[in-house]
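> Structure: upload_35.cif, mmCIF, C-alpha atoms and all ligand atoms.
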data_coords
#
loop_
_atom_site.label_atom_id
_atom_site.label_comp_id
_atom_site.auth_asym_id
_atom_site.auth_seq_id
_atom_site.Cartn_x
_atom_site.Cartn_y
_atom_site.Cartn_z
CA MET O 6 11.26 26.49 -24.29
CA SER O 7 10.80 24.37 -21.20
CA ARG O 8 13.54 23.94 -18.62
CA ALA O 9 13.80 20.28 -19.62
CA LEU O 10 14.63 21.07 -23.25
CA ASP O 11 17.06 23.77 -22.12
CA ASN O 12 19.14 21.02 -20.64
CA VAL O 13 19.90 19.29 -23.94
CA ASP O 14 22.96 20.24 -25.97
CA THR O 15 21.81 19.47 -29.52
CA ALA O 16 25.38 19.39 -30.85
CA GLU O 17 26.26 16.73 -28.28
CA VAL O 18 23.18 14.67 -29.08
CA ALA O 19 24.01 14.95 -32.81
CA LYS O 20 27.46 13.42 -32.19
CA PHE O 21 25.85 10.32 -30.69
CA ASP O 22 23.20 10.19 -33.44
CA ALA O 23 25.93 10.20 -36.09
CA LEU O 24 27.79 7.26 -34.52
CA ALA O 25 24.74 5.21 -33.52
CA THR O 26 25.10 2.37 -36.05
CA ARG O 27 28.51 1.60 -34.54
CA TRP O 28 27.20 1.27 -30.97
CA TRP O 29 27.40 -2.49 -30.62
CA ASP O 30 30.64 -2.98 -32.57
CA PRO O 31 33.00 -4.16 -29.82
CA ASP O 32 35.95 -2.77 -31.81
CA GLY O 33 34.25 0.48 -32.83
CA GLU O 34 34.02 3.98 -31.35
CA PHE O 35 32.19 2.69 -28.28
CA ARG O 36 34.74 -0.01 -27.50
CA PRO O 37 35.62 1.61 -24.13
CA LEU O 38 31.96 1.35 -23.02
CA HIS O 39 31.94 -2.36 -23.91
CA GLU O 40 35.18 -2.92 -22.03
CA ILE O 41 34.21 -1.06 -18.86
CA ASN O 42 30.68 -2.47 -18.75
CA PRO O 43 31.39 -5.67 -16.74
CA LEU O 44 33.40 -3.65 -14.19
CA ARG O 45 30.74 -1.01 -13.64
CA LEU O 46 27.94 -3.59 -13.58
CA ASP O 47 29.82 -5.57 -10.90
CA TRP O 48 30.34 -2.40 -8.87
CA ILE O 49 26.60 -1.65 -9.00
CA ARG O 50 25.69 -5.24 -8.13
CA GLN O 51 28.00 -5.17 -5.11
CA GLN O 52 25.76 -2.39 -3.78
CA ILE O 53 22.33 -3.66 -4.80
CA ASP O 54 20.72 -6.87 -5.99
CA LEU O 55 19.18 -5.82 -9.29
CA GLY O 56 16.70 -8.72 -9.34
CA GLY O 57 13.15 -7.39 -9.65
CA ARG O 58 14.21 -3.74 -9.21
CA SER O 59 12.73 -0.94 -11.25
CA VAL O 60 15.64 0.88 -12.86
CA VAL O 61 15.87 3.92 -15.10
CA ASP O 62 19.09 4.30 -17.12
CA ILE O 63 19.52 7.98 -18.06
CA GLY O 64 21.49 8.65 -21.24
CA CYS O 65 21.34 4.94 -22.11
CA GLY O 66 22.54 5.36 -25.71
CA GLY O 67 22.54 2.02 -27.56
CA GLY O 68 21.77 0.19 -24.31
CA ILE O 69 25.04 -1.47 -23.29
CA LEU O 70 24.39 -1.00 -19.56
CA SER O 71 20.57 -1.14 -19.83
CA GLU O 72 20.68 -4.60 -21.42
CA ALA O 73 23.19 -5.91 -18.89
CA MET O 74 21.02 -4.74 -15.99
CA ALA O 75 17.91 -6.30 -17.58
CA THR O 76 19.81 -9.58 -17.99
CA ALA O 77 20.69 -9.32 -14.28
CA GLY O 78 16.96 -9.35 -13.54
CA ALA O 79 16.04 -5.66 -13.34
CA GLU O 80 13.02 -4.07 -14.97
CA VAL O 81 14.82 -1.40 -16.98
CA THR O 82 13.66 1.76 -18.72
CA GLY O 83 16.37 3.34 -20.86
CA ILE O 84 16.01 7.03 -21.72
CA ASP O 85 18.08 9.18 -24.06
CA MET O 86 17.55 12.30 -26.17
CA ALA O 87 19.34 10.96 -29.25
CA GLU O 88 16.95 9.17 -31.59
CA ALA O 89 19.34 6.96 -33.55
CA PRO O 90 21.00 5.27 -30.56
CA LEU O 91 17.51 4.46 -29.22
CA ALA O 92 16.57 2.91 -32.57
CA VAL O 93 19.76 0.83 -32.44
CA ALA O 94 18.99 -0.18 -28.83
CA ARG O 95 15.47 -1.33 -29.79
CA LEU O 96 16.80 -3.41 -32.68
CA HIS O 97 19.64 -4.87 -30.65
CA GLN O 98 17.40 -6.26 -27.96
CA ILE O 99 15.40 -8.20 -30.57
CA GLU O 100 18.65 -10.07 -31.26
CA SER O 101 19.87 -10.31 -27.69
CA GLY O 102 16.52 -11.12 -26.08
CA ALA O 103 17.07 -8.52 -23.33
CA ASP O 104 13.89 -6.74 -22.32
CA VAL O 105 14.34 -2.99 -21.89
CA SER O 106 11.75 -0.31 -22.48
CA TYR O 107 13.33 2.63 -24.35
CA ARG O 108 12.00 6.21 -24.46
CA GLN O 109 13.16 9.51 -25.91
CA ILE O 110 12.62 11.78 -22.92
CA THR O 111 14.77 13.94 -20.65
CA ALA O 112 15.46 13.07 -17.02
CA GLU O 113 13.62 16.27 -16.06
CA ALA O 114 10.46 15.33 -18.00
CA LEU O 115 10.47 11.76 -16.66
CA ALA O 116 10.90 13.09 -13.10
CA ALA O 117 7.80 15.28 -13.60
CA GLU O 118 5.88 12.21 -14.76
CA ALA O 119 7.18 9.43 -12.50
CA ALA O 120 8.56 11.01 -9.30
CA GLY O 121 9.51 8.50 -6.59
CA ARG O 122 8.85 5.55 -8.90
CA TYR O 123 12.29 3.91 -9.20
CA ASP O 124 14.42 1.70 -6.94
CA VAL O 125 17.57 2.52 -8.89
CA VAL O 126 18.68 5.29 -11.26
CA THR O 127 21.87 4.94 -13.31
CA CYS O 128 23.41 7.87 -15.15
CA LEU O 129 26.77 6.82 -16.53
CA GLU O 130 29.06 8.79 -18.86
CA MET O 131 26.24 11.28 -19.47
CA LEU O 132 26.54 14.26 -17.09
CA GLU O 133 29.58 15.64 -18.96
CA HIS O 134 27.45 15.99 -22.10
CA VAL O 135 24.65 18.23 -20.74
CA PRO O 136 24.51 22.02 -20.19
CA HIS O 137 23.24 21.81 -16.58
CA PRO O 138 24.40 18.57 -14.94
CA ALA O 139 23.25 19.65 -11.46
CA GLN O 140 19.70 19.76 -12.80
CA VAL O 141 20.00 16.14 -13.98
CA VAL O 142 21.19 15.16 -10.49
CA THR O 143 18.11 16.86 -8.99
CA SER O 144 15.89 14.88 -11.38
CA VAL O 145 17.68 11.64 -10.48
CA ALA O 146 16.91 12.29 -6.79
CA ALA O 147 13.27 13.01 -7.66
CA LEU O 148 12.94 9.76 -9.63
CA LEU O 149 14.08 7.63 -6.67
CA ARG O 150 11.76 6.21 -4.08
CA PRO O 151 12.91 6.78 -0.48
CA GLY O 152 15.63 4.18 0.13
CA GLY O 153 16.47 4.07 -3.59
CA GLN O 154 19.99 4.28 -4.98
CA ALA O 155 21.64 6.34 -7.71
CA PHE O 156 24.80 5.50 -9.65
CA PHE O 157 26.76 8.09 -11.64
CA SER O 158 29.98 8.09 -13.58
CA THR O 159 31.79 10.98 -15.22
CA ILE O 160 35.26 12.54 -15.61
CA ASN O 161 37.12 14.68 -13.07
CA ARG O 162 38.41 18.17 -14.00
CA ASN O 163 42.12 18.83 -13.35
CA PRO O 164 45.36 18.95 -15.39
CA LYS O 165 45.83 15.18 -15.12
CA SER O 166 42.32 14.43 -16.40
CA PHE O 167 42.91 16.81 -19.34
CA LEU O 168 46.08 14.91 -20.16
CA PHE O 169 44.61 11.41 -19.72
CA ALA O 170 40.98 11.78 -20.80
CA ILE O 171 41.47 14.18 -23.73
CA VAL O 172 45.09 14.19 -24.96
CA GLY O 173 45.76 10.54 -24.10
CA ALA O 174 42.41 8.88 -24.80
CA GLU O 175 41.35 10.91 -27.87
CA TYR O 176 44.63 11.90 -29.57
CA VAL O 177 47.46 9.57 -28.51
CA LEU O 178 45.78 6.21 -27.83
CA LYS O 179 42.71 7.03 -29.96
CA LEU O 180 40.43 5.10 -27.61
CA LEU O 181 37.65 7.61 -28.39
CA PRO O 182 36.94 9.86 -31.40
CA ALA O 183 38.57 13.32 -31.13
CA GLY O 184 36.05 15.82 -29.77
CA THR O 185 34.13 13.28 -27.68
CA HIS O 186 34.78 15.25 -24.50
CA GLU O 187 35.15 18.91 -23.61
CA TYR O 188 37.40 19.73 -20.67
CA ARG O 189 35.21 22.50 -19.26
CA LYS O 190 32.29 20.07 -18.92
CA PHE O 191 34.22 17.72 -16.67
CA ILE O 192 32.98 17.47 -13.09
CA ARG O 193 34.94 17.27 -9.85
CA PRO O 194 33.80 14.60 -7.37
CA SER O 195 33.27 17.39 -4.81
CA GLU O 196 30.90 19.15 -7.24
CA LEU O 197 28.89 16.00 -7.94
CA GLU O 198 28.67 15.26 -4.24
CA GLU O 199 27.51 18.81 -3.48
CA TRP O 200 24.78 18.73 -6.17
CA ALA O 201 23.61 15.35 -4.89
CA ARG O 202 23.64 16.50 -1.26
CA ARG O 203 21.55 19.55 -2.19
CA ALA O 204 19.12 17.21 -3.94
CA GLY O 205 18.77 15.25 -0.68
CA LEU O 206 21.03 12.32 -1.56
CA GLU O 207 23.68 10.76 0.68
CA LEU O 208 27.04 9.62 -0.65
CA GLN O 209 27.38 5.86 -0.48
CA SER O 210 30.57 4.99 -2.30
CA SER O 211 33.05 6.24 -4.90
CA ILE O 212 35.71 4.52 -7.01
CA GLY O 213 38.04 5.36 -9.89
CA MET O 214 38.08 3.70 -13.33
CA HIS O 215 41.64 3.33 -14.61
CA TYR O 216 43.08 2.38 -18.01
CA ASN O 217 46.46 0.74 -18.35
CA PRO O 218 47.78 1.49 -21.88
CA LEU O 219 50.38 -1.29 -21.65
CA THR O 220 47.98 -4.13 -20.85
CA ARG O 221 45.06 -2.27 -22.51
CA GLU O 222 42.92 -3.18 -19.55
CA TYR O 223 40.57 -1.26 -17.35
CA SER O 224 40.36 -1.67 -13.60
CA LEU O 225 38.67 -0.08 -10.60
CA GLY O 226 40.76 1.59 -7.90
CA SER O 227 40.76 4.26 -5.24
CA ASN O 228 42.15 7.11 -7.35
CA LEU O 229 39.41 9.46 -8.61
CA ASP O 230 41.71 11.76 -10.62
CA VAL O 231 40.31 10.93 -14.07
CA ASN O 232 37.27 8.65 -14.63
CA TYR O 233 35.23 7.86 -11.56
CA LEU O 234 31.92 6.43 -10.34
CA MET O 235 29.86 7.59 -7.37
CA SER O 236 26.79 6.09 -5.73
CA PHE O 237 24.22 7.77 -3.50
CA CYS O 238 21.09 6.78 -1.65
CA ARG O 239 17.90 8.66 -1.01
CA PRO O 240 17.29 8.36 2.74
CA GLU O 241 14.14 6.53 3.87
CA THR O 242 13.07 9.54 5.91
CA GLU O 243 13.95 13.12 5.05
N1 LIG L 301 25.18 5.70 -20.53
C1 LIG L 301 25.62 4.96 -21.71
C2 LIG L 301 25.96 5.88 -22.89
C3 LIG L 301 26.94 6.99 -22.62
S1 LIG L 301 27.20 8.05 -24.03
C4 LIG L 301 26.80 4.10 -21.32
O1 LIG L 301 27.56 4.50 -20.42
O2 LIG L 301 26.98 3.03 -21.89
C5 LIG L 301 26.24 9.49 -23.53
C6 LIG L 301 24.79 9.39 -23.86
O3 LIG L 301 24.12 10.51 -23.26
C7 LIG L 301 24.48 9.46 -25.35
O4 LIG L 301 23.66 8.39 -25.74
C8 LIG L 301 23.76 10.80 -25.51
O5 LIG L 301 22.81 10.80 -26.57
C9 LIG L 301 23.12 10.94 -24.15
N2 LIG L 301 22.69 12.30 -23.83
C10 LIG L 301 23.34 13.46 -24.05
N3 LIG L 301 22.61 14.50 -23.59
C11 LIG L 301 21.45 13.98 -23.07
C12 LIG L 301 20.32 14.53 -22.43
N4 LIG L 301 20.22 15.84 -22.22
N5 LIG L 301 19.34 13.71 -22.02
C13 LIG L 301 19.45 12.37 -22.20
N6 LIG L 301 20.52 11.78 -22.79
C14 LIG L 301 21.51 12.58 -23.22
#
As structure tokens, please, write out the structure in this file.
Ligand code: SAH

Amino acid sequence: MSRALDNVDTAEVAKFDALATRWWDPDGEFRPLHEINPLRLDWIRQQIDLGGRSVVDIGCGGGILSEAMATAGAEVTGIDMAEAPLAVARLHQIESGADVSYRQITAEALAAEAAGRYDVVTCLEMLEHVPHPAQVVTSVAALLRPGGQAFFSTINRNPKSFLFAIVGAEYVLKLLPAGTHEYRKFIRPSELEEWARRAGLELQSSIGMHYNPLTREYSLGSNLDVNYLMSFCRPETE
């Protein structure tokens, strides 16, 4: 088996396949992704004008972020290893009119095929679902042209994130189906930064994504204890 296929957890991919038809239901299992999407899109657009940029969205699922970036003027390729969410994404864009090109391919395989080809790589809520996240980060760096930018989001690993992201989100507030996340796959910001640095990327910015259970609203803020986003750039000269 190739290294690229080694980095796919088939049980994880099966979870997303099973829920695919629900992807665009704003009140369904993927409701949190719908609710955080404007916030994370704004955060990306504060750092780069997406107009005319070539973007690859890794682990795009049903295409919530991919479509929004295409609507903002980017030329987007969405990749995922789950077949059903990609089928849903392709159908959805017929309705929405967004223009995204979807492919079932790993980040590693795309990096072998299209190294240095992209202005922007996004990889949101995906790293905590793969066996070797550092390897995905290396592929993200390889996909970027010099001067390109990468955007990640994932979940921190500490007692508070266990309480908020698993106990709170999956069992108490039921924001996500039970079993969506596994604590040991969570990633500390220092770990993500180290993997990115080793892949030749420079940290640009980081921000936390917070949920207020009383107002049921999400917001961005400085605390990275639970959900967080991080952006990096590939230097022009290495
Ligand atoms: N990035 C999207 C979807 C997040 S859900 C968003 O934030 O809106 C996580 C996605 O990662 C799922 O669609 C799942 O199928 C995908 N995924 C899991 N392992 C993967 C892998 N090894 N390669 C590509 N995609 C993967």
> Here is a test: counting only C-alpha atoms and all ligand atoms, which residue of O:Leu55, O:Leu148, O:Val231, O:Leu132 is nearest to ligand LIG 301 (chain L)?
O:Leu132
> Residues within 6 Å of ligand LIG 301 (chain L) should be enumerated using all atoms listed in the file and returned as JSON, numbers by chain.
{"O": [12, 13, 18, 21, 38, 64, 65, 66, 69, 70, 85, 86, 87, 111, 129, 130, 131, 134, 135]}
> Can you work out which one of O:Pro151, O:Gly78, O:Pro31, O:Pro136 has the shortest atom-to-atom distance to Arg122 in chain O, counting only C-alpha atoms?
O:Pro151
> CA of Leu149 in chain O to CA of Gly121 in chain O: how many Å, to one decimal?
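So the answer is 4.7 Å.
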> Just want the 10 Å neighbourhood of Ser59 in chain O, counted on all atoms listed in the file, with same-chain residues fewer than 3 positions away dropped. Output as a VMD selection string.
chain O and resid 55 to 56 75 78 to 82 122 to 126 149 153
> Closest to Asp104 in chain O among O:Pro90, O:Glu241, O:Ala73, O:Lys179, using all atoms listed in the file?
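Of all the options, O:Ala73 lies closest to Asp104 in chain O.
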> Start from the incomplete input, build N, CA and C atoms for range 131-154 of chain O, and deliver everything as a PDB file, in the coordinates of the input.

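Output file rebuild-v5.pdb follows:
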ATOM      1  N   MET O 131      27.254  10.410 -18.873  1.00  0.00           N
ATOM      2  CA  MET O 131      26.240  11.280 -19.470  1.00  0.00           C
ATOM      3  C   MET O 131      26.334  12.711 -18.980  1.00  0.00           C
ATOM      4  N   LEU O 132      26.590  12.906 -17.672  1.00  0.00           N
ATOM      5  CA  LEU O 132      26.540  14.260 -17.090  1.00  0.00           C
ATOM      6  C   LEU O 132      27.477  15.242 -17.793  1.00  0.00           C
ATOM      7  N   GLU O 133      28.604  14.736 -18.315  1.00  0.00           N
ATOM      8  CA  GLU O 133      29.580  15.640 -18.960  1.00  0.00           C
ATOM      9  C   GLU O 133      29.162  16.027 -20.380  1.00  0.00           C
ATOM     10  N   HIS O 134      27.945  15.618 -20.767  1.00  0.00           N
ATOM     11  CA  HIS O 134      27.450  15.990 -22.100  1.00  0.00           C
ATOM     12  C   HIS O 134      26.240  16.928 -22.037  1.00  0.00           C
ATOM     13  N   VAL O 135      25.844  17.368 -20.836  1.00  0.00           N
ATOM     14  CA  VAL O 135      24.650  18.230 -20.740  1.00  0.00           C
ATOM     15  C   VAL O 135      25.020  19.628 -20.234  1.00  0.00           C
ATOM     16  N   PRO O 136      24.213  20.645 -20.623  1.00  0.00           N
ATOM     17  CA  PRO O 136      24.510  22.020 -20.190  1.00  0.00           C
ATOM     18  C   PRO O 136      24.415  22.219 -18.672  1.00  0.00           C
ATOM     19  N   HIS O 137      23.441  21.587 -18.025  1.00  0.00           N
ATOM     20  CA  HIS O 137      23.240  21.810 -16.580  1.00  0.00           C
ATOM     21  C   HIS O 137      23.202  20.477 -15.833  1.00  0.00           C
ATOM     22  N   PRO O 138      24.378  19.893 -15.575  1.00  0.00           N
ATOM     23  CA  PRO O 138      24.400  18.570 -14.940  1.00  0.00           C
ATOM     24  C   PRO O 138      23.748  18.552 -13.557  1.00  0.00           C
ATOM     25  N   ALA O 139      23.837  19.642 -12.808  1.00  0.00           N
ATOM     26  CA  ALA O 139      23.250  19.650 -11.460  1.00  0.00           C
ATOM     27  C   ALA O 139      21.743  19.412 -11.531  1.00  0.00           C
ATOM     28  N   GLN O 140      21.143  19.926 -12.623  1.00  0.00           N
ATOM     29  CA  GLN O 140      19.700  19.760 -12.800  1.00  0.00           C
ATOM     30  C   GLN O 140      19.341  18.279 -13.060  1.00  0.00           C
ATOM     31  N   VAL O 141      20.224  17.580 -13.762  1.00  0.00           N
ATOM     32  CA  VAL O 141      20.000  16.140 -13.980  1.00  0.00           C
ATOM     33  C   VAL O 141      20.075  15.417 -12.634  1.00  0.00           C
ATOM     34  N   VAL O 142      21.041  15.805 -11.805  1.00  0.00           N
ATOM     35  CA  VAL O 142      21.190  15.160 -10.490  1.00  0.00           C
ATOM     36  C   VAL O 142      19.924  15.378  -9.649  1.00  0.00           C
ATOM     37  N   THR O 143      19.363  16.585  -9.714  1.00  0.00           N
ATOM     38  CA  THR O 143      18.110  16.860  -8.990  1.00  0.00           C
ATOM     39  C   THR O 143      16.988  15.954  -9.499  1.00  0.00           C
ATOM     40  N   SER O 144      16.929  15.746 -10.816  1.00  0.00           N
ATOM     41  CA  SER O 144      15.890  14.880 -11.380  1.00  0.00           C
ATOM     42  C   SER O 144      16.103  13.427 -10.978  1.00  0.00           C
ATOM     43  N   VAL O 145      17.368  13.012 -10.911  1.00  0.00           N
ATOM     44  CA  VAL O 145      17.680  11.640 -10.480  1.00  0.00           C
ATOM     45  C   VAL O 145      17.137  11.429  -9.064  1.00  0.00           C
ATOM     46  N   ALA O 146      17.389  12.394  -8.183  1.00  0.00           N
ATOM     47  CA  ALA O 146      16.910  12.290  -6.790  1.00  0.00           C
ATOM     48  C   ALA O 146      15.387  12.197  -6.774  1.00  0.00           C
ATOM     49  N   ALA O 147      14.733  12.997  -7.627  1.00  0.00           N
ATOM     50  CA  ALA O 147      13.270  13.010  -7.660  1.00  0.00           C
ATOM     51  C   ALA O 147      12.701  11.683  -8.168  1.00  0.00           C
ATOM     52  N   LEU O 148      13.419  11.026  -9.065  1.00  0.00           N
ATOM     53  CA  LEU O 148      12.940   9.760  -9.630  1.00  0.00           C
ATOM     54  C   LEU O 148      12.998   8.609  -8.626  1.00  0.00           C
ATOM     55  N   LEU O 149      13.883   8.729  -7.630  1.00  0.00           N
ATOM     56  CA  LEU O 149      14.080   7.630  -6.670  1.00  0.00           C
ATOM     57  C   LEU O 149      12.997   7.590  -5.613  1.00  0.00           C
ATOM     58  N   ARG O 150      12.619   6.359  -5.246  1.00  0.00           N
ATOM     59  CA  ARG O 150      11.760   6.210  -4.080  1.00  0.00           C
ATOM     60  C   ARG O 150      12.657   6.384  -2.844  1.00  0.00           C
ATOM     61  N   PRO O 151      12.077   6.723  -1.682  1.00  0.00           N
ATOM     62  CA  PRO O 151      12.910   6.780  -0.480  1.00  0.00           C
ATOM     63  C   PRO O 151      13.589   5.423  -0.285  1.00  0.00           C
ATOM     64  N   GLY O 152      14.872   5.429   0.011  1.00  0.00           N
ATOM     65  CA  GLY O 152      15.630   4.180   0.130  1.00  0.00           C
ATOM     66  C   GLY O 152      16.262   3.739  -1.184  1.00  0.00           C
ATOM     67  N   GLY O 153      15.921   4.423  -2.277  1.00  0.00           N
ATOM     68  CA  GLY O 153      16.470   4.070  -3.590  1.00  0.00           C
ATOM     69  C   GLY O 153      17.915   4.526  -3.750  1.00  0.00           C
ATOM     70  N   GLN O 154      18.572   3.971  -4.779  1.00  0.00           N
ATOM     71  CA  GLN O 154      19.990   4.280  -4.980  1.00  0.00           C
ATOM     72  C   GLN O 154      20.298   4.806  -6.379  1.00  0.00           C
TER      73      GLN O 154
END
